[in-house]
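> Here you go, structure08.cif (mmCIF, N, CA and C atoms):
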data_input
#
loop_
_atom_site.label_atom_id
_atom_site.label_comp_id
_atom_site.auth_asym_id
_atom_site.auth_seq_id
_atom_site.Cartn_x
_atom_site.Cartn_y
_atom_site.Cartn_z
N MET I 14 85.85 97.04 112.94
CA MET I 14 86.47 97.72 114.05
C MET I 14 85.57 98.88 114.45
N ARG I 15 85.59 99.19 115.73
CA ARG I 15 84.72 100.24 116.26
C ARG I 15 85.53 101.33 116.95
N CYS I 16 84.95 102.53 116.99
CA CYS I 16 85.59 103.66 117.66
C CYS I 16 85.72 103.38 119.15
N TYR I 17 86.90 103.64 119.66
CA TYR I 17 87.19 103.44 121.08
C TYR I 17 86.31 104.32 121.96
N CYS I 18 85.92 105.48 121.46
CA CYS I 18 85.16 106.44 122.26
C CYS I 18 83.64 106.29 122.17
N CYS I 19 83.13 106.16 120.93
CA CYS I 19 81.67 106.20 120.75
C CYS I 19 81.09 104.90 120.18
N ASP I 20 81.93 103.93 119.88
CA ASP I 20 81.51 102.61 119.41
C ASP I 20 80.94 102.60 117.99
N LYS I 21 81.17 103.67 117.21
CA LYS I 21 80.74 103.72 115.81
C LYS I 21 81.64 102.80 114.98
N ASN I 22 81.08 102.17 113.95
CA ASN I 22 81.89 101.37 113.03
C ASN I 22 82.88 102.30 112.32
N LEU I 23 84.13 101.87 112.23
CA LEU I 23 85.16 102.66 111.56
C LEU I 23 85.27 102.23 110.10
N ASN I 24 85.49 103.20 109.22
CA ASN I 24 85.77 102.88 107.82
C ASN I 24 87.28 102.64 107.68
N ASP I 25 87.74 102.32 106.48
CA ASP I 25 89.16 102.01 106.27
C ASP I 25 90.05 103.20 106.63
N PHE I 26 89.64 104.38 106.25
CA PHE I 26 90.43 105.58 106.55
C PHE I 26 90.60 105.75 108.05
N GLU I 27 89.51 105.66 108.79
CA GLU I 27 89.56 105.86 110.24
C GLU I 27 90.33 104.74 110.94
N SER I 28 90.17 103.53 110.47
CA SER I 28 90.79 102.38 111.16
C SER I 28 92.29 102.26 110.92
N THR I 29 92.83 103.05 109.99
CA THR I 29 94.27 102.98 109.74
C THR I 29 95.02 104.19 110.31
N ARG I 30 94.34 105.07 111.02
CA ARG I 30 94.98 106.24 111.62
C ARG I 30 95.86 105.78 112.79
N LYS I 31 97.12 106.22 112.77
CA LYS I 31 98.09 105.83 113.80
C LYS I 31 98.68 107.05 114.49
N SER I 32 99.09 106.84 115.72
CA SER I 32 99.84 107.86 116.43
C SER I 32 101.20 108.00 115.77
N ALA I 33 101.62 109.22 115.48
CA ALA I 33 102.92 109.46 114.85
C ALA I 33 104.06 109.17 115.83
N SER I 34 103.81 109.30 117.12
CA SER I 34 104.88 109.10 118.09
C SER I 34 105.02 107.65 118.54
N THR I 35 103.90 106.90 118.65
CA THR I 35 103.98 105.52 119.15
C THR I 35 103.79 104.48 118.07
N GLY I 36 103.15 104.86 116.96
CA GLY I 36 102.85 103.91 115.89
C GLY I 36 101.64 103.05 116.18
N GLU I 37 100.96 103.29 117.29
CA GLU I 37 99.77 102.52 117.64
C GLU I 37 98.55 103.07 116.92
N PHE I 38 97.65 102.16 116.53
CA PHE I 38 96.40 102.57 115.91
C PHE I 38 95.54 103.31 116.93
N LEU I 39 94.88 104.39 116.50
CA LEU I 39 94.08 105.20 117.42
C LEU I 39 92.67 104.66 117.60
N ASP I 40 92.15 103.96 116.60
CA ASP I 40 90.80 103.38 116.68
C ASP I 40 89.75 104.40 117.09
N MET I 41 89.76 105.55 116.39
CA MET I 41 88.79 106.60 116.66
C MET I 41 88.16 107.07 115.36
N CYS I 42 86.85 107.33 115.41
CA CYS I 42 86.16 107.87 114.24
C CYS I 42 86.60 109.32 114.04
N ASN I 43 86.29 109.88 112.90
CA ASN I 43 86.70 111.25 112.59
C ASN I 43 86.14 112.25 113.58
N LYS I 44 84.90 112.06 114.00
CA LYS I 44 84.27 113.00 114.93
C LYS I 44 84.99 112.99 116.28
N CYS I 45 85.27 111.82 116.80
CA CYS I 45 85.95 111.73 118.09
C CYS I 45 87.41 112.19 117.97
N TYR I 46 88.07 111.82 116.89
CA TYR I 46 89.45 112.25 116.69
C TYR I 46 89.56 113.77 116.60
N SER I 47 88.55 114.41 116.04
CA SER I 47 88.59 115.87 115.88
C SER I 47 88.70 116.58 117.22
N THR I 48 88.29 115.94 118.31
CA THR I 48 88.36 116.57 119.63
C THR I 48 89.76 116.54 120.22
N ILE I 49 90.64 115.69 119.69
CA ILE I 49 92.00 115.60 120.24
C ILE I 49 93.08 115.88 119.20
N LYS I 50 92.71 116.15 117.97
CA LYS I 50 93.70 116.24 116.90
C LYS I 50 94.72 117.35 117.11
N GLU I 51 94.40 118.38 117.86
CA GLU I 51 95.35 119.45 118.15
C GLU I 51 96.42 119.00 119.15
N ASP I 52 96.14 117.94 119.90
CA ASP I 52 97.05 117.48 120.94
C ASP I 52 97.81 116.21 120.57
N LEU I 53 97.42 115.56 119.49
CA LEU I 53 98.00 114.28 119.12
C LEU I 53 98.33 114.27 117.64
N TYR I 54 99.56 114.02 117.30
CA TYR I 54 99.98 113.97 115.91
C TYR I 54 99.74 112.56 115.38
N ALA I 55 99.13 112.49 114.20
CA ALA I 55 98.74 111.19 113.65
C ALA I 55 99.13 111.06 112.19
N GLU I 56 99.39 109.83 111.79
CA GLU I 56 99.59 109.49 110.39
C GLU I 56 98.24 109.05 109.84
N GLU I 57 97.86 109.61 108.69
CA GLU I 57 96.57 109.27 108.10
C GLU I 57 96.77 108.80 106.67
N ARG I 58 96.06 107.79 106.28
CA ARG I 58 96.17 107.20 104.95
C ARG I 58 95.14 107.83 104.02
N TYR I 59 95.48 108.96 103.44
CA TYR I 59 94.54 109.66 102.57
C TYR I 59 94.29 108.91 101.27
N ASP I 60 95.10 107.89 100.97
CA ASP I 60 94.79 107.07 99.80
C ASP I 60 93.54 106.23 100.04
N LEU I 61 93.12 106.10 101.31
CA LEU I 61 91.89 105.38 101.65
C LEU I 61 90.69 106.31 101.84
N PHE I 62 90.93 107.60 101.78
CA PHE I 62 89.88 108.59 101.95
C PHE I 62 88.98 108.61 100.72
N ASP I 63 87.68 108.44 100.90
CA ASP I 63 86.77 108.39 99.76
C ASP I 63 86.05 109.71 99.49
N GLY I 64 86.35 110.73 100.27
CA GLY I 64 85.75 112.04 100.05
C GLY I 64 84.42 112.24 100.74
N ASN I 65 83.89 111.22 101.36
CA ASN I 65 82.59 111.31 102.03
C ASN I 65 82.70 111.05 103.52
N GLU I 66 83.86 111.28 104.09
CA GLU I 66 84.05 111.00 105.51
C GLU I 66 83.29 112.02 106.35
N ASP I 67 82.60 111.55 107.38
CA ASP I 67 81.86 112.43 108.27
C ASP I 67 82.82 113.24 109.15
N ASP I 68 82.51 114.51 109.31
CA ASP I 68 83.22 115.39 110.23
C ASP I 68 84.72 115.47 110.00
N LEU I 69 85.16 115.21 108.80
CA LEU I 69 86.58 115.33 108.50
C LEU I 69 86.86 116.75 108.08
N GLU I 70 87.79 117.39 108.75
CA GLU I 70 88.14 118.75 108.39
C GLU I 70 89.33 118.71 107.46
N ASP I 71 89.56 119.79 106.75
CA ASP I 71 90.66 119.88 105.81
C ASP I 71 91.95 119.92 106.61
N ASP I 72 92.55 118.76 106.82
CA ASP I 72 93.69 118.64 107.71
C ASP I 72 94.91 118.12 106.99
N THR I 73 95.88 117.71 107.72
CA THR I 73 97.14 117.28 107.15
C THR I 73 97.31 115.78 107.25
N PHE I 74 98.25 115.26 106.52
CA PHE I 74 98.52 113.83 106.55
C PHE I 74 99.30 113.49 107.81
N LEU I 75 100.28 114.30 108.13
CA LEU I 75 101.08 114.11 109.33
C LEU I 75 101.48 115.50 109.79
N SER I 76 101.20 115.82 111.02
CA SER I 76 101.54 117.14 111.53
C SER I 76 102.82 117.06 112.34
N ASP I 77 103.69 118.05 112.15
CA ASP I 77 104.90 118.09 112.95
C ASP I 77 104.64 118.95 114.18
N ASP I 78 105.66 119.19 114.98
CA ASP I 78 105.50 119.94 116.21
C ASP I 78 105.08 121.39 116.00
N MET I 79 105.27 121.89 114.79
CA MET I 79 104.89 123.27 114.49
C MET I 79 103.50 123.35 113.86
N GLY I 80 102.82 122.21 113.72
CA GLY I 80 101.50 122.19 113.11
C GLY I 80 101.54 122.19 111.60
N ASN I 81 102.73 121.96 111.03
CA ASN I 81 102.86 121.91 109.58
C ASN I 81 102.54 120.52 109.07
N GLY I 82 101.87 120.44 107.95
CA GLY I 82 101.51 119.16 107.38
C GLY I 82 102.62 118.55 106.54
N VAL I 83 102.78 117.26 106.65
CA VAL I 83 103.77 116.55 105.85
C VAL I 83 103.04 115.41 105.16
N ASP I 84 103.05 115.40 103.84
CA ASP I 84 102.40 114.35 103.08
C ASP I 84 103.36 113.18 102.95
N ILE I 85 103.17 112.15 103.78
CA ILE I 85 104.11 111.03 103.80
C ILE I 85 103.81 110.02 102.71
N TYR I 86 102.72 110.22 101.96
CA TYR I 86 102.34 109.27 100.92
C TYR I 86 102.49 109.81 99.52
N SER I 87 103.02 111.01 99.37
CA SER I 87 103.16 111.56 98.02
C SER I 87 104.30 110.86 97.29
N GLU I 88 104.18 110.85 95.98
CA GLU I 88 105.19 110.17 95.17
C GLU I 88 106.25 111.13 94.70
#
For this file, produce the structure as structure tokens.

Amino acid sequence: MRCYCCDKNLNDFESTRKSASTGEFLDMCNKCYSTIKEDLYAEERYDLFDGNEDDLEDDTFLSDDMGNGVDIYSE
């Protein structure tokens, strides 16, 4: 799968990012997603994060309307 914006190959972490409001896959690499992340709430599968993702900032698993992070995958 490739990034909708820049056509970069997506890794598993990037390719499973979904819109929290619509449930649709975003199909965006970390770099491109970083430009809209303040405007779009997303669910991210940090269990697929390998620690070497490019341009990934220390962010949340799911952001609510107040910008608070919610870890939807914790046990």
> What's the separation between atom CA of I:Leu61 and atom CA of I:Glu37, in Å to one decimal place?
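Separating atom CA of I:Leu61 from atom CA of I:Glu37 is a distance of 18.1 Å.
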> Can you turn the PyMOL selection byres ((chain I and resi 15) around 8) into a concrete residue list for this file, as a compact mmCIF listing (two decimals) with N, CA and C atoms, keeping the file's coordinate frame?

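Saved file result-v6.txt follows:
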# COMPACT_ATOMS: atom_id res chain seq x y z
N MET I 14 85.85 97.04 112.94
CA MET I 14 86.47 97.72 114.05
C MET I 14 85.57 98.88 114.45
N CYS I 16 84.95 102.53 116.99
CA CYS I 16 85.59 103.66 117.66
C CYS I 16 85.72 103.38 119.15
N TYR I 17 86.90 103.64 119.66
CA TYR I 17 87.19 103.44 121.08
C TYR I 17 86.31 104.32 121.96
N CYS I 18 85.92 105.48 121.46
CA CYS I 18 85.16 106.44 122.26
C CYS I 18 83.64 106.29 122.17
N CYS I 19 83.13 106.16 120.93
CA CYS I 19 81.67 106.20 120.75
C CYS I 19 81.09 104.90 120.18
N ASP I 20 81.93 103.93 119.88
CA ASP I 20 81.51 102.61 119.41
C ASP I 20 80.94 102.60 117.99
N LYS I 21 81.17 103.67 117.21
CA LYS I 21 80.74 103.72 115.81
C LYS I 21 81.64 102.80 114.98
N ASN I 22 81.08 102.17 113.95
CA ASN I 22 81.89 101.37 113.03
C ASN I 22 82.88 102.30 112.32
N LEU I 23 84.13 101.87 112.23
CA LEU I 23 85.16 102.66 111.56
C LEU I 23 85.27 102.23 110.10
N ASN I 24 85.49 103.20 109.22
CA ASN I 24 85.77 102.88 107.82
C ASN I 24 87.28 102.64 107.68
N SER I 28 90.17 103.53 110.47
CA SER I 28 90.79 102.38 111.16
C SER I 28 92.29 102.26 110.92
N LEU I 39 94.88 104.39 116.50
CA LEU I 39 94.08 105.20 117.42
C LEU I 39 92.67 104.66 117.60
N ASP I 40 92.15 103.96 116.60
CA ASP I 40 90.80 103.38 116.68
C ASP I 40 89.75 104.40 117.09
N MET I 41 89.76 105.55 116.39
CA MET I 41 88.79 106.60 116.66
C MET I 41 88.16 107.07 115.36
N CYS I 42 86.85 107.33 115.41
CA CYS I 42 86.16 107.87 114.24
C CYS I 42 86.60 109.32 114.04
> To verify the selection step, state as a list in words which residues the PyMOL selection byres ((chain I and resi 43-58) around 5) yields on this input.
Arg30, Lys31, Ser32, Ala33, Met41, Cys42, Tyr59, Asp60, Leu61, Phe62, Phe74 and Leu75 of chain I
